[in-house]
Amino acid sequence: MVMVGGWQQLRGVGFDQGVVLLAQAMTASEGGDLFKTIHRLASQIIRTQDCQAVPIILFFGELLKAPCLSELGLTDMVINSLIRYLCWYDSSPVSQLLCIRALINIDFGAKQRCWSVTDVLVSLLGNPENSDVFTLVVLSCLQKNIFEAPAETIRPFLNAILSRIQPLFGAGSEQVSVEALQTLEILATFGESSDFQRQLHANIVSLLLHLDTKSEKTIQCCSAALQMIFSSTGSTKACSLVERYLEASGWSYRNFLKRISRQ
């Protein structure tokens, strides 16, 4: 810390930024102190009070950005510590939110890592008591997870993810609704399975109804999701009809159903 001027950098900064600077300074040195510090914090995080766990969570979140963490073989330890505290019965909504934000920094390429994090994220979406802010962060982390993880590790979770985001399409918050619809669009890229295709098709009516809104973002997300879902059917006529429907404002929902049922 002294060699890289870490203590000087901490002057005049906020608490959270101070933790970030501390983590950056320690990862820059890549010394044995970092190894010992992580082991010590990982063993203590559950035993500390919630307010004391916050700097540890911030510290771990910043460490997940550093390549040296993987080189030291400590990535899984940090991730498991965050997940354990996230699911800890005594953790507050604030610390849980910070844990999710920390987990967003994960490289989801590792299969085993993806399984554990995806399972937790999906379970968190099912809680009706979640705040809009918390739900948005979970959806953001889940989207990154789906994008980066190997497809075979995501497929077992497809139905569970879909069932958890469906109630969010009509959320009171436009942001939550848009994020959920964007997640559906991402899931539609996995439409090669006939079983999952049926699950996706069950959302067509909901998407069409959501097009009747004043929110441009919602309309764009619904349109993109519809195009992805219909493209997975392999029907050129159906895809063409959807494109025409989305471009022509004069079409009614009932008229569309009559036309699409003939394809």
# chains A, B, ... in the order shown; residues from 1 in each chain; ligands from 1
$ residues_around --residues "region 49-58 of chain A" --least-positions-apart "4" --cutoff "7 Å" --atoms "only C-alpha atoms" --output "compact mmCIF listing (two decimals) with C-alpha atoms, in the first residue's frame"
# COMPACT_ATOMS: atom_id res chain seq x y z
CA VAL A 19 -12.67 0.26 -0.41
CA LEU A 41 -12.26 -12.13 5.27
CA ILE A 45 -17.91 -12.51 6.68
CA GLU A 62 -13.67 -5.22 -6.85
CA LEU A 82 -20.65 -13.68 -1.57
CA SER A 91 -28.26 -10.31 5.74
CA SER A 92 -30.10 -7.07 5.01
CA SER A 95 -26.05 -6.08 1.68
CA LEU A 98 -24.37 -5.22 -2.93
CA CYS A 99 -23.66 -8.95 -3.20
CA ALA A 102 -20.41 -7.72 -6.80
$ residues_around --residues "Ser123 (chain A)" --least-positions-apart "4" --cutoff "12 Å" --atoms "only C-alpha atoms" --output "list in words"
Leu86, Cys87, Ser116, Val117, Thr118, Asp119, Asn127, Pro128, Asn130, Thr135, Val138, Leu139, Leu142, Phe157, Ala160, Ile161, Ser163, Arg164 and Ile165 of chain A
$ closest_atom_pairs --of "region 134-186 of chain A" --to "region 192-198 of chain A" --cutoff "10 Å" --atoms "only C-alpha atoms" --output "Markdown table"
| residue | atom | partner | partner_atom | distance |
| --- | --- | --- | --- | --- |
| A:Arg155 | CA | A:Phe196 | CA | 9.3 |
| A:Leu158 | CA | A:Phe196 | CA | 7.6 |
| A:Asn159 | CA | A:Phe196 | CA | 7.0 |
| A:Leu162 | CA | A:Phe196 | CA | 9.5 |
$ decode --residues "region 138-153 of chain A" --atoms "N, CA and C atoms" --output "tab-separated table (two decimals), in the first residue's frame"
chain	number	residue	atom	x	y	z
A	138	VAL	N	-30.74	-8.01	-10.16
A	138	VAL	CA	-30.74	-9.46	-10.37
A	138	VAL	C	-30.90	-9.78	-11.86
A	139	LEU	N	-31.82	-9.09	-12.52
A	139	LEU	CA	-32.03	-9.32	-13.96
A	139	LEU	C	-30.78	-8.95	-14.76
A	140	SER	N	-30.13	-7.88	-14.38
A	140	SER	CA	-28.91	-7.46	-15.07
A	140	SER	C	-27.81	-8.51	-14.93
A	141	CYS	N	-27.65	-9.03	-13.72
A	141	CYS	CA	-26.65	-10.06	-13.48
A	141	CYS	C	-27.01	-11.35	-14.22
A	142	LEU	N	-28.29	-11.67	-14.23
A	142	LEU	CA	-28.75	-12.89	-14.91
A	142	LEU	C	-28.52	-12.79	-16.42
A	143	GLN	N	-28.78	-11.63	-16.99
A	143	GLN	CA	-28.56	-11.44	-18.43
A	143	GLN	C	-27.08	-11.62	-18.78
A	144	LYS	N	-26.21	-11.05	-17.97
A	144	LYS	CA	-24.77	-11.21	-18.20
A	144	LYS	C	-24.37	-12.68	-18.08
A	145	ASN	N	-24.97	-13.34	-17.12
A	145	ASN	CA	-24.73	-14.77	-16.92
A	145	ASN	C	-25.10	-15.56	-18.17
A	146	ILE	N	-26.29	-15.30	-18.70
A	146	ILE	CA	-26.77	-16.03	-19.88
A	146	ILE	C	-25.89	-15.75	-21.09
A	147	PHE	N	-25.48	-14.50	-21.25
A	147	PHE	CA	-24.65	-14.11	-22.39
A	147	PHE	C	-23.29	-14.81	-22.37
A	148	GLU	N	-22.67	-14.87	-21.20
A	148	GLU	CA	-21.29	-15.32	-21.11
A	148	GLU	C	-21.13	-16.81	-20.87
A	149	ALA	N	-22.10	-17.42	-20.24
A	149	ALA	CA	-21.96	-18.83	-19.85
A	149	ALA	C	-22.12	-19.75	-21.05
A	150	PRO	N	-21.48	-20.91	-21.01
A	150	PRO	CA	-21.69	-21.91	-22.07
A	150	PRO	C	-23.17	-22.29	-22.14
A	151	ALA	N	-23.68	-22.45	-23.35
A	151	ALA	CA	-25.11	-22.70	-23.55
A	151	ALA	C	-25.60	-23.92	-22.78
A	152	GLU	N	-24.77	-24.96	-22.70
A	152	GLU	CA	-25.22	-26.19	-22.04
A	152	GLU	C	-25.43	-26.01	-20.54
A	153	THR	N	-24.81	-24.99	-19.97
A	153	THR	CA	-25.01	-24.76	-18.54
A	153	THR	C	-26.25	-23.92	-18.26
